[in-house]
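Source file: target_8.pdb; contents: PDB, C-alpha atoms.
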```
ATOM      1  CA  MET T   1       9.343 -18.145  13.541  1.00  0.00           C
ATOM      2  CA  PRO T   2       6.249 -17.671  11.357  1.00  0.00           C
ATOM      3  CA  PHE T   3       5.953 -14.311   9.618  1.00  0.00           C
ATOM      4  CA  LYS T   4       2.752 -13.005   8.046  1.00  0.00           C
ATOM      5  CA  ILE T   5       3.641 -11.362   4.734  1.00  0.00           C
ATOM      6  CA  ASP T   6       1.287  -9.928   2.104  1.00  0.00           C
ATOM      7  CA  LEU T   7       3.157 -10.481  -1.164  1.00  0.00           C
ATOM      8  CA  HIS T   8       1.047  -8.310  -3.499  1.00  0.00           C
ATOM      9  CA  THR T   9       0.074  -4.727  -2.619  1.00  0.00           C
ATOM     10  CA  HIS T  10      -0.310  -1.376  -4.391  1.00  0.00           C
ATOM     11  CA  SER T  11       0.144   2.220  -3.265  1.00  0.00           C
ATOM     12  CA  PHE T  12      -0.844   5.466  -4.960  1.00  0.00           C
ATOM     13  CA  PHE T  13       2.286   5.075  -7.094  1.00  0.00           C
ATOM     14  CA  SER T  14       0.148   2.613  -9.076  1.00  0.00           C
ATOM     15  CA  GLY T  15      -2.278   4.227 -11.487  1.00  0.00           C
ATOM     16  CA  ASP T  16      -5.169   2.476  -9.743  1.00  0.00           C
ATOM     17  CA  GLY T  17      -3.906   2.644  -6.155  1.00  0.00           C
ATOM     18  CA  VAL T  18      -5.184   5.274  -3.733  1.00  0.00           C
ATOM     19  CA  SER T  19      -3.296   4.891  -0.438  1.00  0.00           C
ATOM     20  CA  SER T  20       0.088   6.220   0.608  1.00  0.00           C
ATOM     21  CA  PRO T  21       2.876   3.795   1.518  1.00  0.00           C
ATOM     22  CA  GLU T  22       2.616   5.076   5.105  1.00  0.00           C
ATOM     23  CA  ASP T  23      -1.088   4.162   5.228  1.00  0.00           C
ATOM     24  CA  LEU T  24      -0.295   0.667   3.963  1.00  0.00           C
ATOM     25  CA  ILE T  25       2.325   0.243   6.679  1.00  0.00           C
ATOM     26  CA  ASN T  26       0.055   1.492   9.469  1.00  0.00           C
ATOM     27  CA  THR T  27      -2.817  -0.755   8.389  1.00  0.00           C
ATOM     28  CA  ALA T  28      -0.594  -3.791   7.983  1.00  0.00           C
ATOM     29  CA  ARG T  29       0.889  -3.301  11.440  1.00  0.00           C
ATOM     30  CA  ALA T  30      -2.563  -2.859  12.961  1.00  0.00           C
ATOM     31  CA  LYS T  31      -3.660  -6.153  11.408  1.00  0.00           C
ATOM     32  CA  GLY T  32      -0.683  -8.038  12.827  1.00  0.00           C
ATOM     33  CA  LEU T  33       1.288  -8.448   9.629  1.00  0.00           C
ATOM     34  CA  HIS T  34       5.072  -8.557   9.795  1.00  0.00           C
ATOM     35  CA  GLY T  35       5.548  -7.019   6.375  1.00  0.00           C
ATOM     36  CA  PHE T  36       4.481  -6.830   2.762  1.00  0.00           C
ATOM     37  CA  ALA T  37       5.847  -6.637  -0.763  1.00  0.00           C
ATOM     38  CA  ILE T  38       5.218  -3.343  -2.520  1.00  0.00           C
ATOM     39  CA  THR T  39       4.319  -4.271  -6.101  1.00  0.00           C
ATOM     40  CA  ASP T  40       2.998  -1.227  -7.916  1.00  0.00           C
ATOM     41  CA  HIS T  41       2.154  -1.471 -11.601  1.00  0.00           C
ATOM     42  CA  ASN T  42       5.206  -0.983 -13.833  1.00  0.00           C
ATOM     43  CA  THR T  43       7.033   1.317 -11.418  1.00  0.00           C
ATOM     44  CA  CYS T  44       9.354   1.023  -8.443  1.00  0.00           C
ATOM     45  CA  ASP T  45       8.867   4.639  -7.394  1.00  0.00           C
ATOM     46  CA  ALA T  46       7.384   3.520  -4.058  1.00  0.00           C
ATOM     47  CA  VAL T  47      10.582   1.624  -3.259  1.00  0.00           C
ATOM     48  CA  THR T  48      12.654   4.757  -3.832  1.00  0.00           C
ATOM     49  CA  TYR T  49      10.186   6.739  -1.705  1.00  0.00           C
ATOM     50  CA  LEU T  50      10.270   4.240   1.168  1.00  0.00           C
ATOM     51  CA  LEU T  51      14.067   4.069   1.164  1.00  0.00           C
ATOM     52  CA  GLU T  52      14.315   7.854   1.256  1.00  0.00           C
ATOM     53  CA  LYS T  53      11.793   8.061   4.104  1.00  0.00           C
ATOM     54  CA  GLY T  54      13.602   5.387   6.111  1.00  0.00           C
ATOM     55  CA  PHE T  55      10.804   2.808   6.042  1.00  0.00           C
ATOM     56  CA  MET T  56      13.012   0.370   4.100  1.00  0.00           C
ATOM     57  CA  ARG T  57      16.684  -0.500   4.264  1.00  0.00           C
ATOM     58  CA  ALA T  58      18.905  -1.085   1.241  1.00  0.00           C
ATOM     59  CA  ASP T  59      20.444  -4.138   2.962  1.00  0.00           C
ATOM     60  CA  GLY T  60      17.056  -5.882   3.082  1.00  0.00           C
ATOM     61  CA  ASN T  61      16.655  -5.913   6.855  1.00  0.00           C
ATOM     62  CA  PRO T  62      13.459  -4.816   8.643  1.00  0.00           C
ATOM     63  CA  VAL T  63      12.834  -1.356  10.069  1.00  0.00           C
ATOM     64  CA  ASP T  64      11.322  -1.403  13.570  1.00  0.00           C
ATOM     65  CA  ASN T  65      10.549  -5.122  13.173  1.00  0.00           C
ATOM     66  CA  PHE T  66       8.571  -4.537   9.973  1.00  0.00           C
ATOM     67  CA  LEU T  67       9.820  -5.713   6.585  1.00  0.00           C
ATOM     68  CA  ILE T  68       8.942  -4.166   3.235  1.00  0.00           C
ATOM     69  CA  ILE T  69      10.049  -6.246   0.268  1.00  0.00           C
ATOM     70  CA  PRO T  70      10.865  -4.415  -2.974  1.00  0.00           C
ATOM     71  CA  GLY T  71       8.931  -5.471  -6.045  1.00  0.00           C
ATOM     72  CA  VAL T  72       6.855  -4.506  -9.041  1.00  0.00           C
ATOM     73  CA  GLU T  73       3.941  -5.930 -11.025  1.00  0.00           C
ATOM     74  CA  VAL T  74       4.987  -5.842 -14.662  1.00  0.00           C
ATOM     75  CA  THR T  75       2.437  -5.789 -17.462  1.00  0.00           C
ATOM     76  CA  THR T  76       4.239  -8.155 -19.810  1.00  0.00           C
ATOM     77  CA  ALA T  77       3.246  -8.913 -23.388  1.00  0.00           C
ATOM     78  CA  GLU T  78       1.453 -12.015 -22.094  1.00  0.00           C
ATOM     79  CA  GLY T  79      -0.038 -10.723 -18.840  1.00  0.00           C
ATOM     80  CA  HIS T  80       0.883  -9.591 -15.333  1.00  0.00           C
ATOM     81  CA  LEU T  81       4.021 -10.867 -13.596  1.00  0.00           C
ATOM     82  CA  LEU T  82       5.167 -10.118 -10.056  1.00  0.00           C
ATOM     83  CA  CYS T  83       8.823  -9.393  -9.427  1.00  0.00           C
ATOM     84  CA  ILE T  84       9.471 -10.002  -5.723  1.00  0.00           C
ATOM     85  CA  GLY T  85      12.698  -9.065  -3.937  1.00  0.00           C
ATOM     86  CA  THR T  86      14.287  -6.602  -6.332  1.00  0.00           C
ATOM     87  CA  THR T  87      13.534  -3.631  -8.557  1.00  0.00           C
ATOM     88  CA  LEU T  88      13.300  -3.399 -12.331  1.00  0.00           C
ATOM     89  CA  PRO T  89      13.429  -0.615 -14.915  1.00  0.00           C
ATOM     90  CA  TYR T  90      10.296   0.223 -16.893  1.00  0.00           C
ATOM     91  CA  LEU T  91       9.506  -2.943 -18.888  1.00  0.00           C
ATOM     92  CA  LYS T  92       5.815  -2.724 -19.759  1.00  0.00           C
ATOM     93  CA  GLY T  93       5.001  -4.730 -22.892  1.00  0.00           C
ATOM     94  CA  LYS T  94       8.196  -6.802 -22.890  1.00  0.00           C
ATOM     95  CA  PRO T  95       8.001 -10.623 -23.222  1.00  0.00           C
ATOM     96  CA  ALA T  96       7.361 -12.442 -19.937  1.00  0.00           C
ATOM     97  CA  ARG T  97      10.313 -14.809 -20.455  1.00  0.00           C
ATOM     98  CA  GLU T  98      12.684 -11.882 -20.892  1.00  0.00           C
ATOM     99  CA  ILE T  99      11.398 -10.311 -17.677  1.00  0.00           C
ATOM    100  CA  CYS T 100      11.706 -13.603 -15.748  1.00  0.00           C
ATOM    101  CA  GLU T 101      15.351 -13.805 -16.784  1.00  0.00           C
ATOM    102  CA  LEU T 102      16.035 -10.231 -15.694  1.00  0.00           C
ATOM    103  CA  ILE T 103      14.336 -10.848 -12.340  1.00  0.00           C
ATOM    104  CA  HIS T 104      16.599 -13.840 -11.748  1.00  0.00           C
ATOM    105  CA  GLU T 105      19.692 -11.889 -12.791  1.00  0.00           C
ATOM    106  CA  ARG T 106      18.840  -9.369 -10.067  1.00  0.00           C
ATOM    107  CA  GLY T 107      18.218 -12.016  -7.399  1.00  0.00           C
ATOM    108  CA  GLY T 108      14.431 -11.772  -7.284  1.00  0.00           C
ATOM    109  CA  LEU T 109      11.554 -14.203  -7.725  1.00  0.00           C
ATOM    110  CA  ALA T 110       9.142 -14.329 -10.666  1.00  0.00           C
ATOM    111  CA  ILE T 111       5.584 -15.068  -9.489  1.00  0.00           C
ATOM    112  CA  PRO T 112       2.564 -14.759 -11.815  1.00  0.00           C
ATOM    113  CA  PRO T 113      -0.413 -13.216  -9.976  1.00  0.00           C
ATOM    114  CA  HIS T 114      -4.074 -14.110 -10.538  1.00  0.00           C
ATOM    115  CA  PRO T 115      -3.373 -16.524 -13.423  1.00  0.00           C
ATOM    116  CA  TYR T 116      -6.459 -17.714 -15.301  1.00  0.00           C
ATOM    117  CA  ASP T 117      -8.366 -14.534 -14.391  1.00  0.00           C
ATOM    118  CA  LEU T 118      -9.856 -13.663 -17.777  1.00  0.00           C
ATOM    119  CA  PHE T 119     -10.702 -10.125 -16.666  1.00  0.00           C
ATOM    120  CA  ARG T 120      -7.402  -9.119 -15.059  1.00  0.00           C
ATOM    121  CA  ALA T 121      -4.573  -9.945 -17.485  1.00  0.00           C
ATOM    122  CA  GLY T 122      -3.529 -13.150 -15.789  1.00  0.00           C
ATOM    123  CA  ILE T 123      -0.900 -15.137 -17.684  1.00  0.00           C
ATOM    124  CA  ARG T 124      -2.590 -18.137 -19.295  1.00  0.00           C
ATOM    125  CA  SER T 125      -1.527 -21.754 -18.755  1.00  0.00           C
ATOM    126  CA  ALA T 126      -0.100 -22.167 -22.267  1.00  0.00           C
ATOM    127  CA  THR T 127       2.378 -19.383 -21.530  1.00  0.00           C
ATOM    128  CA  LEU T 128       2.990 -20.451 -17.931  1.00  0.00           C
ATOM    129  CA  GLU T 129       4.271 -23.780 -19.245  1.00  0.00           C
ATOM    130  CA  THR T 130       7.090 -21.976 -21.041  1.00  0.00           C
ATOM    131  CA  LEU T 131       8.203 -19.673 -18.216  1.00  0.00           C
ATOM    132  CA  PRO T 132      10.925 -20.253 -15.579  1.00  0.00           C
ATOM    133  CA  ILE T 133       8.726 -19.027 -12.721  1.00  0.00           C
ATOM    134  CA  ASP T 134       9.614 -19.560  -9.058  1.00  0.00           C
ATOM    135  CA  ALA T 135       6.155 -19.796  -7.474  1.00  0.00           C
ATOM    136  CA  LEU T 136       2.518 -19.146  -8.286  1.00  0.00           C
ATOM    137  CA  GLU T 137      -0.026 -16.884  -6.616  1.00  0.00           C
ATOM    138  CA  VAL T 138      -2.779 -19.437  -6.058  1.00  0.00           C
ATOM    139  CA  PHE T 139      -4.982 -17.259  -3.870  1.00  0.00           C
ATOM    140  CA  ASN T 140      -5.743 -13.674  -4.838  1.00  0.00           C
ATOM    141  CA  ALA T 141      -8.215 -11.975  -2.494  1.00  0.00           C
ATOM    142  CA  ALA T 142      -9.468  -9.744  -5.309  1.00  0.00           C
ATOM    143  CA  THR T 143      -9.932 -12.386  -8.009  1.00  0.00           C
ATOM    144  CA  THR T 144     -12.878 -11.763 -10.328  1.00  0.00           C
ATOM    145  CA  LEU T 145     -14.281 -15.277  -9.918  1.00  0.00           C
ATOM    146  CA  ARG T 146     -13.257 -17.629  -7.141  1.00  0.00           C
ATOM    147  CA  ARG T 147     -12.842 -20.570  -9.474  1.00  0.00           C
ATOM    148  CA  TYR T 148      -9.787 -18.833 -10.969  1.00  0.00           C
ATOM    149  CA  ASN T 149      -7.977 -19.368  -7.651  1.00  0.00           C
ATOM    150  CA  ARG T 150      -8.915 -23.048  -7.736  1.00  0.00           C
ATOM    151  CA  TYR T 151      -7.508 -23.369 -11.259  1.00  0.00           C
ATOM    152  CA  ALA T 152      -4.258 -21.745 -10.143  1.00  0.00           C
ATOM    153  CA  PHE T 153      -4.000 -24.051  -7.126  1.00  0.00           C
ATOM    154  CA  LYS T 154      -4.468 -27.157  -9.275  1.00  0.00           C
ATOM    155  CA  TYR T 155      -1.883 -25.970 -11.792  1.00  0.00           C
ATOM    156  CA  ALA T 156       0.674 -25.324  -9.040  1.00  0.00           C
ATOM    157  CA  GLN T 157       0.030 -28.796  -7.644  1.00  0.00           C
ATOM    158  CA  VAL T 158       0.555 -30.458 -11.014  1.00  0.00           C
ATOM    159  CA  ARG T 159       3.733 -28.521 -11.742  1.00  0.00           C
ATOM    160  CA  GLY T 160       5.038 -28.763  -8.175  1.00  0.00           C
ATOM    161  CA  LEU T 161       5.343 -25.006  -7.707  1.00  0.00           C
ATOM    162  CA  PRO T 162       5.526 -23.210  -4.361  1.00  0.00           C
ATOM    163  CA  MET T 163       2.294 -21.338  -3.626  1.00  0.00           C
ATOM    164  CA  THR T 164       1.538 -17.842  -2.348  1.00  0.00           C
ATOM    165  CA  ALA T 165      -1.554 -15.967  -1.179  1.00  0.00           C
ATOM    166  CA  ALA T 166      -1.964 -12.192  -1.229  1.00  0.00           C
ATOM    167  CA  SER T 167      -4.499  -9.395  -0.963  1.00  0.00           C
ATOM    168  CA  ASP T 168      -3.699  -7.523  -4.200  1.00  0.00           C
ATOM    169  CA  ALA T 169      -4.709  -4.499  -2.133  1.00  0.00           C
ATOM    170  CA  HIS T 170      -5.212  -1.223  -3.991  1.00  0.00           C
ATOM    171  CA  HIS T 171      -6.233   0.691  -0.858  1.00  0.00           C
ATOM    172  CA  ALA T 172      -4.991   0.389   2.704  1.00  0.00           C
ATOM    173  CA  ALA T 173      -8.095  -1.250   4.192  1.00  0.00           C
ATOM    174  CA  ALA T 174      -7.587  -4.313   1.975  1.00  0.00           C
ATOM    175  CA  VAL T 175      -3.983  -5.000   3.007  1.00  0.00           C
ATOM    176  CA  GLY T 176      -3.629  -8.339   4.762  1.00  0.00           C
ATOM    177  CA  THR T 177      -6.989  -9.717   3.628  1.00  0.00           C
ATOM    178  CA  ALA T 178      -4.930 -12.678   2.424  1.00  0.00           C
ATOM    179  CA  TYR T 179      -1.259 -13.356   3.051  1.00  0.00           C
ATOM    180  CA  THR T 180       1.467 -15.999   3.102  1.00  0.00           C
ATOM    181  CA  ILE T 181       2.830 -17.370   6.383  1.00  0.00           C
ATOM    182  CA  LEU T 182       6.574 -17.899   6.031  1.00  0.00           C
ATOM    183  CA  ASN T 183       8.401 -19.846   8.746  1.00  0.00           C
ATOM    184  CA  THR T 184      12.026 -18.775   8.852  1.00  0.00           C
ATOM    185  CA  ASP T 185      14.728 -17.700  11.285  1.00  0.00           C
ATOM    186  CA  ASP T 186      16.034 -15.128   8.800  1.00  0.00           C
ATOM    187  CA  PHE T 187      13.675 -12.154   8.909  1.00  0.00           C
ATOM    188  CA  SER T 188      15.117 -10.260   5.961  1.00  0.00           C
ATOM    189  CA  VAL T 189      14.356  -9.933   2.269  1.00  0.00           C
ATOM    190  CA  ARG T 190      16.907 -12.655   1.574  1.00  0.00           C
ATOM    191  CA  GLY T 191      15.403 -14.997   4.188  1.00  0.00           C
ATOM    192  CA  ILE T 192      11.830 -14.424   3.041  1.00  0.00           C
ATOM    193  CA  LEU T 193      12.722 -15.064  -0.612  1.00  0.00           C
ATOM    194  CA  ALA T 194      14.398 -18.338   0.342  1.00  0.00           C
ATOM    195  CA  GLN T 195      11.345 -19.420   2.352  1.00  0.00           C
ATOM    196  CA  ILE T 196       8.877 -18.585  -0.444  1.00  0.00           C
ATOM    197  CA  LEU T 197      10.493 -21.376  -2.444  1.00  0.00           C
ATOM    198  CA  LYS T 198       9.470 -23.885   0.219  1.00  0.00           C
ATOM    199  CA  SER T 199       6.082 -25.142   1.411  1.00  0.00           C
ATOM    200  CA  ASN T 200       4.192 -22.408   3.254  1.00  0.00           C
ATOM    201  CA  GLU T 201       0.852 -21.900   4.935  1.00  0.00           C
ATOM    202  CA  LEU T 202      -1.644 -19.653   3.165  1.00  0.00           C
ATOM    203  CA  ASN T 203      -4.155 -17.370   4.875  1.00  0.00           C
ATOM    204  CA  GLN T 204      -7.082 -17.238   2.449  1.00  0.00           C
ATOM    205  CA  HIS T 205      -9.847 -14.658   2.785  1.00  0.00           C
ATOM    206  CA  TYR T 206     -11.594 -12.695   0.055  1.00  0.00           C
ATOM    207  CA  LEU T 207     -12.143  -8.959  -0.064  1.00  0.00           C
ATOM    208  CA  THR T 208     -15.377  -7.821   1.497  1.00  0.00           C
ATOM    209  CA  PRO T 209     -18.103  -6.693  -0.935  1.00  0.00           C
ATOM    210  CA  LYS T 210     -17.350  -3.108   0.148  1.00  0.00           C
ATOM    211  CA  ASP T 211     -13.643  -3.435  -0.643  1.00  0.00           C
ATOM    212  CA  SER T 212     -14.416  -5.135  -3.970  1.00  0.00           C
ATOM    213  CA  VAL T 213     -16.706  -2.293  -4.994  1.00  0.00           C
ATOM    214  CA  ARG T 214     -14.093   0.234  -3.956  1.00  0.00           C
ATOM    215  CA  LYS T 215     -11.432  -1.497  -6.065  1.00  0.00           C
ATOM    216  CA  THR T 216     -13.752  -1.525  -9.105  1.00  0.00           C
ATOM    217  CA  TRP T 217     -14.564   2.153  -8.552  1.00  0.00           C
ATOM    218  CA  ASN T 218     -10.849   2.999  -8.354  1.00  0.00           C
ATOM    219  CA  ASN T 219     -10.255   1.211 -11.645  1.00  0.00           C
ATOM    220  CA  TRP T 220     -13.110   3.122 -13.294  1.00  0.00           C
ATOM    221  CA  LEU T 221     -11.754   6.445 -12.054  1.00  0.00           C
ATOM    222  CA  ARG T 222      -8.286   5.513 -13.320  1.00  0.00           C
ATOM    223  CA  LEU T 223      -9.658   4.932 -16.808  1.00  0.00           C
ATOM    224  CA  ARG T 224     -11.585   8.209 -16.708  1.00  0.00           C
ATOM    225  CA  ARG T 225      -8.834  10.493 -15.436  1.00  0.00           C
ATOM    226  CA  PRO T 226      -6.165  11.917 -17.779  1.00  0.00           C
ATOM    227  CA  LYS T 227      -3.073   9.801 -18.135  1.00  0.00           C
ATOM    228  CA  ARG T 228      -0.291  10.860 -15.733  1.00  0.00           C
ATOM    229  CA  LEU T 229       3.083   9.287 -16.341  1.00  0.00           C
ATOM    230  CA  THR T 230       4.992   7.810 -13.437  1.00  0.00           C
ATOM    231  CA  THR T 231       8.618   8.801 -13.023  1.00  0.00           C
ATOM    232  CA  ALA T 232       9.646   5.510 -14.591  1.00  0.00           C
ATOM    233  CA  GLU T 233       7.402   5.984 -17.619  1.00  0.00           C
ATOM    234  CA  ALA T 234       8.529   9.573 -18.142  1.00  0.00           C
ATOM    235  CA  LYS T 235      12.189   8.600 -18.120  1.00  0.00           C
ATOM    236  CA  PHE T 236      11.522   5.693 -20.465  1.00  0.00           C
ATOM    237  CA  GLU T 237       9.633   7.866 -22.939  1.00  0.00           C
ATOM    238  CA  ASN T 238      12.484  10.372 -22.861  1.00  0.00           C
ATOM    239  CA  GLY T 239      14.829   7.594 -23.901  1.00  0.00           C
ATOM    240  CA  ARG T 240      16.519   7.166 -20.501  1.00  0.00           C
ATOM    241  CA  GLN T 241      16.120   3.872 -18.643  1.00  0.00           C
ATOM    242  CA  LEU T 242      16.133   3.909 -14.866  1.00  0.00           C
ATOM    243  CA  PRO T 243      19.438   2.858 -13.318  1.00  0.00           C
ATOM    244  CA  PRO T 244      19.688  -0.705 -11.945  1.00  0.00           C
TER
END
```

This entry written out as structure tokens:
Amino acid sequence: MPFKIDLHTHSFFSGDGVSSPEDLINTARAKGLHGFAITDHNTCDAVTYLLEKGFMRADGNPVDNFLIIPGVEVTTAEGHLLCIGTTLPYLKGKPAREICELIHERGGLAIPPHPYDLFRAGIRSATLETLPIDALEVFNAATTLRRYNRYAFKYAQVRGLPMTAASDAHHAAAVGTAYTILNTDDFSVRGILAQILKSNELNQHYLTPKDSVRKTWNNWLRLRRPKRLTTAEAKFENGRQLPP
């Protein structure tokens, strides 16, 4: 059965996200999605929140026929890297190779988002060549310039990497603008991760001008407001890593 999954989304647990996890779920359901990966910047606080609220299950199965996949978007020393399918401690600034290895140790997938995007910390091709990545985000609905998606697609073709598409939503209205269609009989985190590694159909639509402006405005506000540490950052700065 084909499942529509947005593999790159952000809630207000990200410094530049504005919507609650509940709003993301409601919007995704309304748009006909079957699930999404929650990939906030450098924190898995949303995963903890969703588990506590009962919107996710620790065994990786869906709740009310809707699947939320744990994840995080790590700001590595070389650029952004999506961890899909597991959680990580606070690792901002660590080498991308080291983070890829930790993702694999925990059973997740390492997927660079918006590579080639010169304005959004995409991992460059010279570094990509050295990384044991599992797939590549070749369509990002919020990319700065559309040609960056074309570059990513060509690179994935040359290297023979599985491809994903995602919204990179930072507010609920943008969820599901782009997504990956995964055809599997195992509708669970484990089944979705296995299918990502295969050939999948990509739904490719860009953010509307209104949503693009809103994302840029959110980023500007984030830079203007005082820094507020996430739970993960606070624990890290106090010398205590999050538990596995």

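Note that the spacing between CA of Leu88 (chain T) and CA of Leu7 (chain T) amounts to 16.7 Å.
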
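Going from CA of Gly17 (chain T) to CA of Thr143 (chain T) covers 16.3 Å.
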
Next on the checklist: I'd like the neighbourhood of His10 (chain T) as a VMD selection string, where a residue qualifies if any of its atoms comes within 6 Å (using only C-alpha atoms), though same-chain residues fewer than 5 positions away should be ignored.
Outcome noted: chain T and resid 17 39 to 40 169 to 170

Using only C-alpha atoms, what does the table of region 142-210 of chain T residues within 9 Å of region 71-87 of chain T look like, with each row giving the shortest atom pair and its distance in Å to one decimal, sorted by chain and ascending number, as CSV?
```
residue,atom,partner,partner_atom,distance
T:Val189,CA,T:Gly85,CA,6.5
T:Arg190,CA,T:Gly85,CA,7.8
T:Ile192,CA,T:Gly85,CA,8.8
T:Leu193,CA,T:Gly85,CA,6.9
```

Report, as lines of an AutoDock Vina configuration file, the axis-aligned box around all atoms of region 152-155 of chain T present in the file, extended by 5 Å on each side; give centre and edge lengths in Å to one decimal place.
```
center_x = -3.2
center_y = -24.5
center_z = -9.5
size_x = 12.6
size_y = 15.4
size_z = 14.7
```

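Here CA of Asp64 (chain T) and CA of Ile196 (chain T) stand 22.3 Å from one another.
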
Next on the checklist: Can you tell me which residues surround Pro162 (chain T) at a distance of at most 12 Å, considering only C-alpha atoms, apart from same-chain residues fewer than 3 positions away, and format the answer as a ChimeraX atom specification?
Outcome noted: /T:109-112,133-138,152-159,165,180,182,193-202

Residues as selected, C-alpha atoms, written as a short mmCIF file (atom, residue, chain, number, x, y, z; two decimals), in the frame of the given file, can you do that?
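Writing done, so here's again_25.cif:
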```cif
data_model
loop_
_atom_site.label_atom_id
_atom_site.label_comp_id
_atom_site.auth_asym_id
_atom_site.auth_seq_id
_atom_site.Cartn_x
_atom_site.Cartn_y
_atom_site.Cartn_z
CA LEU T 109 11.55 -14.20 -7.72
CA ALA T 110 9.14 -14.33 -10.67
CA ILE T 111 5.58 -15.07 -9.49
CA PRO T 112 2.56 -14.76 -11.82
CA ILE T 133 8.73 -19.03 -12.72
CA ASP T 134 9.61 -19.56 -9.06
CA ALA T 135 6.16 -19.80 -7.47
CA LEU T 136 2.52 -19.15 -8.29
CA GLU T 137 -0.03 -16.88 -6.62
CA VAL T 138 -2.78 -19.44 -6.06
CA ALA T 152 -4.26 -21.74 -10.14
CA PHE T 153 -4.00 -24.05 -7.13
CA LYS T 154 -4.47 -27.16 -9.28
CA TYR T 155 -1.88 -25.97 -11.79
CA ALA T 156 0.67 -25.32 -9.04
CA GLN T 157 0.03 -28.80 -7.64
CA VAL T 158 0.56 -30.46 -11.01
CA ARG T 159 3.73 -28.52 -11.74
CA ALA T 165 -1.55 -15.97 -1.18
CA THR T 180 1.47 -16.00 3.10
CA LEU T 182 6.57 -17.90 6.03
CA LEU T 193 12.72 -15.06 -0.61
CA ALA T 194 14.40 -18.34 0.34
CA GLN T 195 11.34 -19.42 2.35
CA ILE T 196 8.88 -18.58 -0.44
CA LEU T 197 10.49 -21.38 -2.44
CA LYS T 198 9.47 -23.88 0.22
CA SER T 199 6.08 -25.14 1.41
CA ASN T 200 4.19 -22.41 3.25
CA GLU T 201 0.85 -21.90 4.93
CA LEU T 202 -1.64 -19.65 3.16
#
```

Next on the checklist: I need the residue nearest Thr9 (chain T) from this list: T:Pro95, T:Pro89, T:Gly176, T:Gly54. Use only C-alpha atoms for the distance.
Outcome noted: T:Gly176
